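S.K.: Have a look at this one before I ask anything.
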Amino acid sequence: MVELNPVKAAKTMLTDADIQQLDSIFSNNVPKENVNDVEHTTVRISEARNEPVEFGNNKFHALDQSVECQIFWAITLNEDVVPVELTVMRLFEQAGWTIRRAEPHTIDPDTGQLTKTFYFDRYIQLKED
């Protein structure tokens with residue numbers, strides 16, 4: 001059975017992959033106690049779109065979904081982050097998501113952490129009632 005909640009599906013997929021460099025994966029909000037933790041790499045997954053589509057007979061028959069995946073890299077990390085980001089992108093692809101956008105790396109103005117933001121899309125055909 002396909003997980004219909006896109007945030008839960010993405011978080012579970014990343015958690016199950018057990019990528020060593022990703023210390024914490026959060027849904028929607030980073031807890032207060034972790035907001036200023038620059039010593040660990042944090043991933044935040046949030047919903048960017050979740051729309052009913054394919055209307056017919058006064059019903060929708062599919063969902064068009066998108067998640068935003070933000071990675072806040074640990075300041076102490078001394079390795080190239082790109083191979084890990086490629087692993088994340090491949091995981092989403094293998095799970096049936098497409099990469100809509102991969103933003104350039106930026107520096108978080110509050111924490112000084114290197115960040116990367118992705119947008120992943122998926123289309124779910126719903127089973128008839």
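Starting from 1 in every chain, residues are counted up; chains themselves are A, B, ... following the order of the structure tokens, and ligands are numbered from 1 as listed.
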Go through chain A and collect every residue that DSSP, computed from the backbone, puts in strand (DSSP E); the answer should be as a PyMOL selection string.

M.R.: chain A and resi 24-27+42-56+59-72+98-102+106-107+114-125

S.K.: Take the selection from the previous step and output its residues with N, CA and C atoms, as a compact mmCIF listing (two decimals), in the first residue's frame.

M.R.:
```
# COMPACT_ATOMS: atom_id res chain seq x y z
N SER A 24 19.59 13.82 11.67
CA SER A 24 18.19 13.93 12.11
C SER A 24 17.32 14.27 10.91
N ILE A 25 16.14 13.64 10.87
CA ILE A 25 15.18 13.90 9.80
C ILE A 25 13.86 14.26 10.48
N PHE A 26 13.35 15.45 10.17
CA PHE A 26 12.14 15.94 10.81
C PHE A 26 11.05 16.22 9.77
N SER A 27 9.80 16.04 10.21
CA SER A 27 8.64 16.38 9.40
C SER A 27 8.17 17.78 9.75
N THR A 42 20.88 18.18 9.69
CA THR A 42 19.44 18.05 9.89
C THR A 42 18.73 18.14 8.55
N VAL A 43 17.72 17.28 8.38
CA VAL A 43 16.87 17.32 7.18
C VAL A 43 15.47 17.66 7.63
N ARG A 44 14.85 18.58 6.90
CA ARG A 44 13.46 18.96 7.17
C ARG A 44 12.64 18.67 5.92
N ILE A 45 11.58 17.88 6.07
CA ILE A 45 10.69 17.54 4.97
C ILE A 45 9.35 18.22 5.23
N SER A 46 8.85 18.96 4.26
CA SER A 46 7.54 19.59 4.42
C SER A 46 6.75 19.47 3.11
N GLU A 47 5.46 19.59 3.24
CA GLU A 47 4.57 19.47 2.08
C GLU A 47 4.62 20.76 1.27
N ALA A 48 4.82 20.62 -0.03
CA ALA A 48 4.82 21.79 -0.92
C ALA A 48 3.55 21.84 -1.77
N ARG A 49 2.96 20.65 -2.01
CA ARG A 49 1.72 20.58 -2.80
C ARG A 49 1.07 19.23 -2.53
N ASN A 50 -0.26 19.23 -2.49
CA ASN A 50 -1.02 18.00 -2.33
C ASN A 50 -2.41 18.27 -2.91
N GLU A 51 -2.55 18.08 -4.21
CA GLU A 51 -3.77 18.49 -4.91
C GLU A 51 -4.49 17.31 -5.54
N PRO A 52 -5.82 17.28 -5.41
CA PRO A 52 -6.58 16.28 -6.14
C PRO A 52 -6.59 16.63 -7.63
N VAL A 53 -6.46 15.61 -8.47
CA VAL A 53 -6.46 15.81 -9.93
C VAL A 53 -7.22 14.66 -10.60
N GLU A 54 -7.31 14.72 -11.91
CA GLU A 54 -8.03 13.72 -12.73
C GLU A 54 -9.48 13.61 -12.29
N PHE A 55 -10.22 14.66 -12.52
CA PHE A 55 -11.62 14.68 -12.14
C PHE A 55 -12.48 14.00 -13.19
N GLY A 56 -13.47 13.26 -12.74
CA GLY A 56 -14.44 12.61 -13.60
C GLY A 56 -15.57 12.09 -12.76
N LYS A 59 -15.73 13.23 -9.14
CA LYS A 59 -14.75 12.70 -8.20
C LYS A 59 -13.35 12.97 -8.72
N PHE A 60 -12.38 13.04 -7.82
CA PHE A 60 -11.00 13.09 -8.26
C PHE A 60 -10.44 11.67 -8.17
N HIS A 61 -9.47 11.37 -9.02
CA HIS A 61 -8.97 10.00 -9.12
C HIS A 61 -7.46 9.88 -8.92
N ALA A 62 -6.80 11.00 -8.61
CA ALA A 62 -5.35 10.97 -8.39
C ALA A 62 -4.96 12.15 -7.51
N LEU A 63 -3.74 12.07 -6.98
CA LEU A 63 -3.16 13.15 -6.20
C LEU A 63 -1.84 13.58 -6.83
N ASP A 64 -1.65 14.88 -6.96
CA ASP A 64 -0.40 15.46 -7.44
C ASP A 64 0.28 16.06 -6.21
N GLN A 65 1.40 15.46 -5.81
CA GLN A 65 2.03 15.83 -4.55
C GLN A 65 3.47 16.28 -4.74
N SER A 66 3.91 17.14 -3.83
CA SER A 66 5.29 17.62 -3.85
C SER A 66 5.75 17.84 -2.41
N VAL A 67 7.02 17.53 -2.16
CA VAL A 67 7.61 17.83 -0.86
C VAL A 67 8.86 18.69 -1.05
N GLU A 68 9.12 19.49 -0.04
CA GLU A 68 10.36 20.27 0.02
C GLU A 68 11.27 19.54 0.99
N CYS A 69 12.49 19.28 0.55
CA CYS A 69 13.48 18.59 1.37
C CYS A 69 14.67 19.54 1.55
N GLN A 70 14.85 20.02 2.78
CA GLN A 70 15.94 20.94 3.09
C GLN A 70 16.98 20.22 3.93
N ILE A 71 18.23 20.32 3.52
CA ILE A 71 19.33 19.74 4.28
C ILE A 71 20.16 20.87 4.86
N PHE A 72 20.35 20.85 6.17
CA PHE A 72 21.19 21.81 6.86
C PHE A 72 22.44 21.06 7.30
N THR A 98 9.89 12.44 -8.84
CA THR A 98 10.73 13.14 -9.82
C THR A 98 11.31 14.38 -9.15
N ILE A 99 12.45 14.80 -9.63
CA ILE A 99 13.10 15.99 -9.08
C ILE A 99 12.56 17.20 -9.85
N ARG A 100 11.78 18.01 -9.17
CA ARG A 100 11.24 19.20 -9.82
C ARG A 100 12.26 20.33 -9.82
N ARG A 101 12.95 20.45 -8.68
CA ARG A 101 13.91 21.55 -8.57
C ARG A 101 14.97 21.21 -7.54
N ALA A 102 16.18 21.60 -7.82
CA ALA A 102 17.28 21.50 -6.86
C ALA A 102 17.90 22.88 -6.80
N THR A 106 23.19 27.34 -0.35
CA THR A 106 23.18 28.66 0.27
C THR A 106 23.72 28.52 1.69
N ILE A 107 24.01 29.64 2.30
CA ILE A 107 24.42 29.66 3.71
C ILE A 107 23.26 30.20 4.52
N LEU A 114 25.75 25.43 5.68
CA LEU A 114 25.52 25.20 4.26
C LEU A 114 24.19 24.48 4.14
N THR A 115 23.33 24.94 3.22
CA THR A 115 22.02 24.31 3.04
C THR A 115 21.80 23.94 1.58
N LYS A 116 20.93 22.97 1.39
CA LYS A 116 20.52 22.55 0.04
C LYS A 116 19.03 22.26 0.12
N THR A 117 18.27 22.75 -0.87
CA THR A 117 16.84 22.54 -0.91
C THR A 117 16.45 21.86 -2.22
N PHE A 118 15.66 20.78 -2.07
CA PHE A 118 15.12 20.05 -3.22
C PHE A 118 13.61 20.09 -3.17
N TYR A 119 13.00 19.97 -4.35
CA TYR A 119 11.56 19.77 -4.45
C TYR A 119 11.35 18.50 -5.27
N PHE A 120 10.63 17.54 -4.66
CA PHE A 120 10.35 16.27 -5.31
C PHE A 120 8.85 16.13 -5.51
N ASP A 121 8.47 15.63 -6.69
CA ASP A 121 7.06 15.46 -7.03
C ASP A 121 6.72 13.99 -7.22
N ARG A 122 5.47 13.66 -6.94
CA ARG A 122 4.95 12.34 -7.29
C ARG A 122 3.48 12.46 -7.63
N TYR A 123 3.02 11.51 -8.38
CA TYR A 123 1.65 11.45 -8.86
C TYR A 123 1.09 10.11 -8.42
N ILE A 124 0.01 10.12 -7.66
CA ILE A 124 -0.54 8.87 -7.15
C ILE A 124 -1.93 8.65 -7.74
N GLN A 125 -2.06 7.57 -8.47
CA GLN A 125 -3.35 7.15 -8.99
C GLN A 125 -4.10 6.46 -7.86
```

S.K.: Please identify which residues in chain A DSSP calls helix (DSSP H, G or I) from the backbone, and express them as a PyMOL selection string.

M.R.: chain A and resi 6-17+32-35+82-94

S.K.: Mind writing the picked residues with C-alpha atoms as a CSV table (one decimal), in the first residue's frame?

M.R.:
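Below is the file part_11.csv, written as the result:
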```csv
chain,number,residue,atom,x,y,z
A,6,PRO,CA,3.8,12.7,1.1
A,7,VAL,CA,5.8,14.0,4.1
A,8,LYS,CA,5.4,10.8,6.0
A,9,ALA,CA,6.4,8.8,2.9
A,10,ALA,CA,9.5,10.9,2.2
A,11,LYS,CA,10.6,10.9,5.9
A,12,THR,CA,10.2,7.1,6.2
A,13,MET,CA,12.1,6.5,3.0
A,14,LEU,CA,15.1,8.7,4.2
A,15,THR,CA,15.0,7.3,7.7
A,16,ASP,CA,15.0,3.7,6.4
A,17,ALA,CA,17.9,4.4,4.0
A,32,LYS,CA,13.1,24.1,19.2
A,33,GLU,CA,15.9,22.2,20.9
A,34,ASN,CA,17.4,21.3,17.5
A,35,VAL,CA,17.0,24.7,15.7
A,82,VAL,CA,27.4,16.3,-3.2
A,83,PRO,CA,27.7,12.5,-3.2
A,84,VAL,CA,25.3,12.4,-0.2
A,85,GLU,CA,22.9,14.7,-2.1
A,86,LEU,CA,23.1,12.5,-5.1
A,87,THR,CA,22.2,9.5,-2.9
A,88,VAL,CA,19.1,11.4,-1.6
A,89,MET,CA,18.1,12.3,-5.2
A,90,ARG,CA,18.5,8.7,-6.3
A,91,LEU,CA,16.4,7.4,-3.4
A,92,PHE,CA,13.5,9.7,-4.3
A,93,GLU,CA,13.8,8.6,-8.0
A,94,GLN,CA,13.8,4.9,-7.1
```

S.K.: Near Thr76 of chain A, within 10 Å and counting only C-alpha atoms, which residues show up once chain neighbours fewer than 5 positions away are dropped, as a PyMOL selection string?

M.R.: chain A and resi 38-41+113

S.K.: Could you please take those selected residues and save N, CA and C atoms as an mmCIF file, in the first residue's frame?

M.R.:
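Okay, this is what ended up in again_4.cif:
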```
data_model
loop_
_atom_site.group_PDB
_atom_site.id
_atom_site.type_symbol
_atom_site.label_atom_id
_atom_site.label_comp_id
_atom_site.auth_asym_id
_atom_site.auth_seq_id
_atom_site.Cartn_x
_atom_site.Cartn_y
_atom_site.Cartn_z
ATOM 1 N N VAL A 38 24.190 23.237 15.154
ATOM 2 C CA VAL A 38 24.981 23.314 13.920
ATOM 3 C C VAL A 38 26.021 22.195 13.833
ATOM 4 N N GLU A 39 26.100 21.380 14.879
ATOM 5 C CA GLU A 39 27.082 20.287 14.923
ATOM 6 C C GLU A 39 26.576 19.021 14.236
ATOM 7 N N HIS A 40 25.289 18.977 13.925
ATOM 8 C CA HIS A 40 24.693 17.812 13.281
ATOM 9 C C HIS A 40 23.991 18.229 11.995
ATOM 10 N N THR A 41 23.906 17.300 11.059
ATOM 11 C CA THR A 41 23.198 17.554 9.811
ATOM 12 C C THR A 41 21.725 17.218 10.018
ATOM 13 N N GLN A 113 25.126 27.588 8.474
ATOM 14 C CA GLN A 113 25.226 26.259 7.877
ATOM 15 C C GLN A 113 25.033 26.301 6.364
#
```

S.K.: A:Ala95, A:Leu126, A:Gly112, A:Asp37: which is nearest Asp23 of chain A, counting only C-alpha atoms?

M.R.: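 Looking at the shortest contact to Asp23 of chain A, the residue is A:Asp37.
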
S.K.: Distance atom CA of Asn5 of chain A-atom CA of Pro31 of chain A, one decimal place?

M.R.: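 Between these atoms lies a distance of 20.3 Å.
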